[in-house]
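To be precise, the following lines are data_25.txt, and they hold compact mmCIF, C-alpha atoms.
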```
# COMPACT_ATOMS: atom_id res chain seq x y z
CA MET A 28 138.07 121.92 109.62
CA LEU A 29 135.74 119.07 108.68
CA ASN A 30 134.34 119.33 112.18
CA GLY A 31 133.59 122.97 111.46
CA LEU A 32 131.76 122.05 108.24
CA ASP A 33 129.65 119.61 110.19
CA ALA A 34 128.77 122.20 112.82
CA HIS A 35 127.96 124.72 110.07
CA LEU A 36 125.31 122.40 108.62
CA ALA A 37 124.14 120.81 111.89
CA ALA A 38 121.35 123.24 112.81
CA PRO A 39 119.42 123.17 109.50
CA LEU A 40 120.01 119.40 109.31
CA GLN A 41 118.37 118.83 112.71
CA ALA A 42 115.51 121.10 111.70
CA LEU A 43 115.02 119.17 108.43
CA ASN A 44 115.06 115.81 110.23
CA LEU A 45 112.47 116.99 112.71
CA ARG A 46 110.33 118.53 109.93
CA ALA A 47 110.40 115.22 108.04
CA HIS A 48 109.48 113.34 111.20
CA ARG A 49 106.62 115.74 111.92
CA SER A 50 105.27 115.39 108.37
CA GLU A 51 105.20 111.61 108.96
CA VAL A 52 103.24 112.04 112.20
CA LEU A 53 100.78 114.47 110.58
CA ALA A 54 100.38 112.18 107.54
CA SER A 55 99.46 109.37 109.96
CA ASN A 56 96.77 111.58 111.46
CA ILE A 57 95.35 112.48 108.05
CA ALA A 58 95.45 108.87 106.82
CA ASN A 59 93.55 107.72 109.93
CA ALA A 60 90.87 110.41 109.76
CA ASP A 61 88.18 107.70 109.47
CA THR A 62 89.66 105.06 111.79
CA PRO A 63 87.51 104.53 114.91
CA ASN A 64 89.29 105.21 118.24
CA TYR A 65 92.39 106.65 116.55
CA LYS A 66 93.89 109.51 118.58
CA ALA A 67 95.62 112.32 116.68
CA ARG A 68 99.24 112.89 117.75
CA ASP A 69 101.81 115.62 117.33
CA PHE A 70 104.89 116.97 119.08
CA ASP A 71 106.14 120.35 120.25
CA PHE A 72 108.48 121.32 117.42
CA ALA A 73 110.23 124.20 119.21
CA ALA A 74 111.01 122.08 122.27
CA ALA A 75 112.17 119.17 120.10
CA LEU A 76 114.47 121.40 118.05
CA SER A 77 116.04 123.14 121.03
CA GLY A 78 116.46 119.69 122.60
CA ALA A 79 118.14 118.36 119.46
CA ILE A 80 120.46 121.35 118.95
CA GLY A 81 121.30 122.17 122.57
CA ALA A 82 121.82 119.25 124.89
CA THR A 83 122.39 116.31 122.54
CA GLN A 84 121.73 113.83 125.33
CA GLY A 85 119.00 114.36 127.91
CA LEU A 86 118.94 112.68 131.30
CA ALA A 87 118.71 108.93 130.79
CA LEU A 88 116.91 106.66 133.24
CA ALA A 89 119.18 104.55 135.42
CA ARG A 90 118.29 100.91 134.68
CA THR A 91 119.02 97.95 136.89
CA SER A 92 117.78 95.38 134.37
CA VAL A 93 118.00 95.18 130.58
CA ARG A 94 114.27 94.50 130.50
CA HIS A 95 113.42 97.89 131.98
CA LEU A 96 112.00 100.54 129.67
CA SER A 97 114.71 102.83 128.37
CA GLY A 98 112.75 106.08 128.77
CA ALA A 99 113.26 108.75 126.13
CA ALA A 100 116.32 107.08 124.58
CA GLY A 101 114.21 104.68 122.50
CA LEU A 102 112.09 107.39 120.89
CA ALA A 103 112.48 108.32 117.22
CA LEU A 104 114.80 111.38 117.12
CA GLY A 105 114.30 111.70 120.90
CA VAL A 106 110.86 113.19 120.30
CA ALA A 107 108.01 112.35 122.66
CA LEU A 108 104.71 112.23 120.78
CA GLN A 109 101.74 113.80 122.53
CA TYR A 110 98.02 113.45 121.96
CA ARG A 111 96.22 116.39 120.43
CA VAL A 112 93.35 117.85 122.47
CA PRO A 113 90.35 117.82 120.10
CA ILE A 114 87.98 120.76 119.82
CA GLN A 115 85.14 118.59 118.53
CA PRO A 116 85.84 114.89 119.17
CA SER A 117 83.70 112.55 117.08
CA ILE A 118 81.39 109.90 118.47
CA ASP A 119 83.54 106.94 117.29
CA GLY A 120 86.44 108.03 119.54
CA ASN A 121 88.47 109.51 116.67
CA THR A 122 90.15 112.83 117.52
CA VAL A 123 91.49 113.77 114.06
CA GLU A 124 90.27 117.19 112.95
CA MET A 125 90.97 117.48 109.27
CA ASP A 126 91.21 121.29 109.18
CA THR A 127 93.77 121.39 112.02
CA GLU A 128 95.82 118.56 110.56
CA LEU A 129 95.82 119.98 107.03
CA ALA A 130 96.76 123.44 108.29
CA GLN A 131 99.61 121.96 110.35
CA PHE A 132 100.78 119.81 107.45
CA SER A 133 100.87 122.75 105.00
CA ASP A 134 102.59 124.90 107.63
CA ASN A 135 105.15 122.16 108.21
CA ALA A 136 105.74 121.72 104.46
CA LEU A 137 106.22 125.47 103.98
CA ARG A 138 108.70 125.69 106.86
CA MET A 139 110.49 122.65 105.53
CA GLN A 140 110.92 124.44 102.20
CA ALA A 141 112.36 127.39 104.10
CA ASP A 142 114.76 125.05 105.93
CA LEU A 143 115.80 123.56 102.59
CA ALA A 144 116.49 127.08 101.29
CA PHE A 145 118.62 127.87 104.37
CA MET A 146 120.51 124.62 103.93
CA SER A 147 121.10 125.44 100.24
CA ASP A 148 122.38 128.89 101.18
CA ARG A 149 124.83 127.45 103.69
CA ILE A 150 126.12 124.90 101.18
CA ARG A 151 126.48 127.61 98.55
CA SER A 152 128.40 129.88 100.91
CA LEU A 153 130.71 126.98 101.77
CA LEU A 154 131.28 126.36 98.06
CA THR A 155 132.10 130.03 97.59
CA ALA A 156 134.61 129.81 100.43
CA ILE A 157 136.18 126.66 98.96
CA GLN A 158 136.45 127.97 95.39
CA GLY A 159 137.48 131.46 96.45
CA GLN A 160 135.78 133.16 93.52
CA MET B 20 113.99 108.57 105.95
CA SER B 21 110.73 109.87 107.40
CA LEU B 22 109.62 111.64 104.24
CA LEU B 23 109.49 108.37 102.33
CA ASN B 24 107.29 106.93 105.09
CA VAL B 25 104.71 109.60 104.24
CA PHE B 26 104.26 107.85 100.88
CA ASP B 27 103.64 104.51 102.60
CA ILE B 28 101.17 106.09 105.02
CA ALA B 29 99.29 108.01 102.33
CA SER B 30 99.20 105.03 99.97
CA SER B 31 97.81 102.79 102.72
CA ALA B 32 95.07 105.39 103.18
CA LEU B 33 94.48 105.52 99.40
CA SER B 34 94.00 101.76 99.16
CA ALA B 35 91.81 101.67 102.28
CA GLN B 36 89.61 104.46 100.97
CA SER B 37 89.36 102.85 97.54
CA GLN B 38 88.24 99.59 99.20
CA ARG B 39 85.62 101.61 101.02
CA LEU B 40 84.50 103.11 97.69
CA ASN B 41 84.36 99.59 96.26
CA VAL B 42 82.08 98.43 99.07
CA VAL B 43 79.88 101.51 98.61
CA ALA B 44 79.60 100.73 94.89
CA SER B 45 78.66 97.13 95.68
CA ASN B 46 76.03 98.24 98.20
CA LEU B 47 74.50 100.83 95.87
CA ALA B 48 74.48 98.44 92.91
CA ASN B 49 72.71 95.81 95.00
CA ALA B 50 70.32 98.15 96.79
CA GLU B 51 67.40 96.43 95.04
CA SER B 52 68.74 92.84 94.81
CA ALA B 53 65.99 90.82 96.44
CA THR B 54 67.96 87.60 96.11
CA THR B 55 71.57 86.44 95.84
CA ALA B 56 73.25 83.17 94.94
CA GLY B 57 72.49 81.94 98.47
CA GLY B 58 68.78 82.71 98.08
CA THR B 59 68.77 85.40 100.79
CA PRO B 60 68.49 89.14 100.09
CA TYR B 61 71.76 91.06 99.70
CA LYS B 62 73.19 92.44 102.95
CA ALA B 63 75.01 95.79 103.05
CA ARG B 64 78.75 95.50 103.72
CA GLN B 65 80.94 97.91 105.63
CA VAL B 66 84.73 98.10 105.89
CA VAL B 67 86.53 98.21 109.26
CA PHE B 68 89.54 100.56 109.38
CA THR B 69 92.41 99.88 111.80
CA ALA B 70 95.52 101.98 112.39
CA MET B 71 98.72 99.97 111.92
CA PRO B 72 102.40 100.99 111.90
CA VAL B 73 103.64 101.12 108.29
CA ARG B 74 106.77 99.25 109.34
CA PRO B 75 107.95 97.98 112.72
CA GLY B 76 109.80 100.51 114.83
CA THR B 77 108.38 103.66 113.24
CA SER B 78 105.79 105.97 114.71
CA GLY B 79 104.04 106.38 111.34
CA MET B 80 100.60 104.83 111.44
CA GLY B 81 99.05 103.72 108.17
CA VAL B 82 95.45 102.55 107.84
CA ASN B 83 94.43 99.01 106.96
CA VAL B 84 91.11 97.40 106.15
CA THR B 85 91.07 94.54 108.66
CA ALA B 86 87.57 93.25 107.95
CA VAL B 87 84.55 93.67 105.72
CA VAL B 88 81.49 93.07 107.89
CA GLU B 89 77.84 92.61 106.95
CA ASP B 90 75.45 95.23 108.26
CA PRO B 91 73.33 93.59 111.02
CA ALA B 92 70.37 95.90 110.34
CA PRO B 93 67.09 94.05 109.58
CA PRO B 94 66.06 93.77 105.91
CA ARG B 95 63.55 96.17 104.45
CA LEU B 96 60.04 94.68 103.89
CA VAL B 97 58.26 95.85 100.75
CA TYR B 98 54.62 94.98 100.00
CA ASP B 99 54.50 93.60 96.45
CA PRO B 100 52.27 90.50 96.09
CA GLN B 101 53.10 90.14 92.36
CA HIS B 102 56.81 89.72 93.09
CA PRO B 103 58.05 86.09 92.65
CA MET B 104 59.94 86.35 95.98
CA ALA B 105 56.88 87.55 97.94
CA ASP B 106 55.95 85.59 101.08
CA ALA B 107 52.41 84.42 102.04
CA ASN B 108 51.47 87.93 103.22
CA GLY B 109 52.73 89.57 100.00
CA TYR B 110 55.93 91.05 101.51
CA VAL B 111 59.30 90.90 99.77
CA THR B 112 62.46 91.11 101.91
CA MET B 113 64.73 93.68 100.27
CA PRO B 114 68.40 94.46 101.11
CA ASN B 115 69.13 96.57 104.22
CA VAL B 116 71.12 99.10 102.16
CA ASN B 117 70.59 102.67 103.34
CA VAL B 118 71.16 104.74 100.21
CA VAL B 119 71.59 108.05 102.09
CA GLU B 120 74.24 106.47 104.34
CA GLU B 121 76.05 105.02 101.33
CA MET B 122 76.11 108.38 99.52
CA THR B 123 77.56 110.02 102.64
CA ASN B 124 80.16 107.25 102.84
CA MET B 125 81.01 107.77 99.18
CA ILE B 126 81.56 111.53 99.57
CA SER B 127 83.65 111.00 102.71
CA ALA B 128 85.78 108.34 101.00
CA SER B 129 86.39 110.42 97.88
CA ARG B 130 87.33 113.51 99.93
CA ALA B 131 89.73 111.47 102.06
CA TYR B 132 91.24 110.02 98.87
CA GLN B 133 91.79 113.52 97.44
CA ILE B 134 93.40 114.79 100.65
CA ASN B 135 95.82 111.87 100.78
CA LEU B 136 96.74 112.46 97.13
CA ASP B 137 97.46 116.11 97.96
CA LEU B 138 99.63 114.92 100.82
CA MET B 139 101.65 112.77 98.43
CA ASN B 140 102.06 115.63 95.96
CA THR B 141 103.29 118.02 98.67
CA THR B 142 105.75 115.42 99.96
CA LYS B 143 106.94 114.70 96.43
CA SER B 144 107.78 118.36 95.79
CA LEU B 145 109.60 118.53 99.15
CA LEU B 146 111.65 115.45 98.26
CA LEU B 147 112.46 116.87 94.83
CA ARG B 148 113.68 120.07 96.46
CA THR B 149 115.80 118.00 98.85
CA LEU B 150 117.35 116.21 95.89
CA VAL B 151 118.58 119.44 94.32
CA LEU B 152 119.99 120.68 97.66
CA GLY B 153 123.22 122.64 97.22
CA GLN B 154 123.01 123.00 93.45
```
Please go through the file and, once you have read it, give me the structure as structure tokens.
Amino acid sequence: MLNGLDAHLAAPLQALNLRAHRSEVLASNIANADTPNYKARDFDFAAALSGAIGATQGLALARTSVRHLSGAAGLALGVALQYRVPIQPSIDGNTVEMDTELAQFSDNALRMQADLAFMSDRIRSLLTAIQGQ
Amino acid sequence: MSLLNVFDIASSALSAQSQRLNVVASNLANAESATTAGGTPYKARQVVFTAMPVRPGTSGMGVNVTAVVEDPAPPRLVYDPQHPMADANGYVTMPNVNVVEEMTNMISASRAYQINLDLMNTTKSLLLRTLVLGQ
């Protein structure tokens, strides 16, 4: 039964973890808006979430030495960060576009609030089931 | 906990931008200082921003001021023979502070500061909502 509880909360939990990770990445972009040669980064949320919920382990690289790179296994939450393609890159090599980043950050925050609400609902329904009232 | 890293990232940006504002204030205050303790005219200073991971092993990049460099632009020459610092031809070497550039820097720094504060506020309300999860 405890396994079932875990599975019941797993999907919104993965979504929340990824949302928190994405807000960190977007905050880095916004913080470095004036840093020369900084390249804005982001990741594909939908792909990351389906990767996290579906196949828990992707294909790992076969390594013949411990000093070889581990591939995707060493990434935070298994998410591969990508570089954003700028619409108007600036002359100092910085590719942060404040409007894009702020829009993405607010969007991410809003969706994270929604995920928190879903999580709350699931916990509340579990409590109802436990108390039987 | 990634959400707590947002605070580290945003606060590194806040301190970097406030250092930039500090340098702007110093440049603007000394825009007319023909001489300093060293006897040379004041030279404009600029901060150098560098992206650095907030802590090892995370992808979150904060921003650090790694250097404060002096502007290599030549000093401004002003013709004022009555000035005590005037040379034989009557020219005074004045600081190479570009007031328009400094004002632009100031606006950019204060906007960036505001945005990072907003970021912190948004993250704070998300964390507070996470704390009351399931209640």
key: 8 Å contact set for segment 49-55 of chain B, all atoms listed in the file, chain neighbours under 3 positions out, as a PyMOL selection string   = chain B and resi 45-46+58-61+104+111-118
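Each of B:Leu96, B:Pro91, B:Val119, B:Ser31 was compared to Leu47 of chain B using only C-alpha atoms, and B:Val119 turns out to be the nearest.
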Emit as lines of an AutoDock Vina configuration file the padded axis-aligned box for all listed atoms of segment 129-139 of chain B, 5 Å per side, with centre and edge lengths in Å to one decimal.
```
center_x = 94.0
center_y = 113.1
center_z = 99.6
size_x = 25.3
size_y = 16.1
size_z = 14.9
```
message = Could you tell me which residues of chain A sit within 9 Å of chain B when counting only C-alpha atoms, and give me the result as a VMD selection string?
response = chain A and resid 44 46 to 65 102 to 103 108 129 132 to 133 136 139 to 140 143 to 144 146 to 151 154
request  = Could you jot down the atom CA of Tyr110 of chain A to atom CA of Phe70 of chain A separation for me, Å, one decimal place?
outcome  =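 Atom-to-atom, atom CA of Tyr110 of chain A and atom CA of Phe70 of chain A are spaced 8.2 Å apart.
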ask   = Using only C-alpha atoms, which of the listed residues (B:Gln133, B:Pro100, B:Ser37, B:Pro94) sits closest to Ala63 of chain B?
value =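 The shortest atom-to-atom distance to Ala63 of chain B comes from B:Pro94.
Across the structure, atom CA of Lys62 of chain B and atom CA of Val88 of chain B are spaced 9.7 Å apart.
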key: atom CA of Gly109 of chain B to atom CA of Arg95 of chain B, straight-line distance in Å   =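 Atom CA of Arg95 of chain B sits 13.4 Å away from atom CA of Gly109 of chain B.
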query = Which is closest to Ala74 of chain A among A:Thr122, A:Ser92, A:Ala37, A:Ala107, if we use only C-alpha atoms?
reply =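 Selected residue with least distance to Ala74 of chain A: A:Ala107.
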inquiry  = For a quick check of understanding, using all atoms listed in the file, which of A:Leu45, A:Thr91, A:Ala34, A:Thr127 has the smallest distance to Gln115 of chain A?
reply    =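 When distances to Gln115 of chain A are compared using all atoms listed in the file, the smallest one comes from A:Thr127.
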ask   = Counting all atoms listed in the file, what is within 10 Å of Gln65 of chain B, bar same-chain residues fewer than 5 positions away, as a VMD selection string?
value = chain B and resid 38 to 39 42 to 43 46 86 to 90 121 124
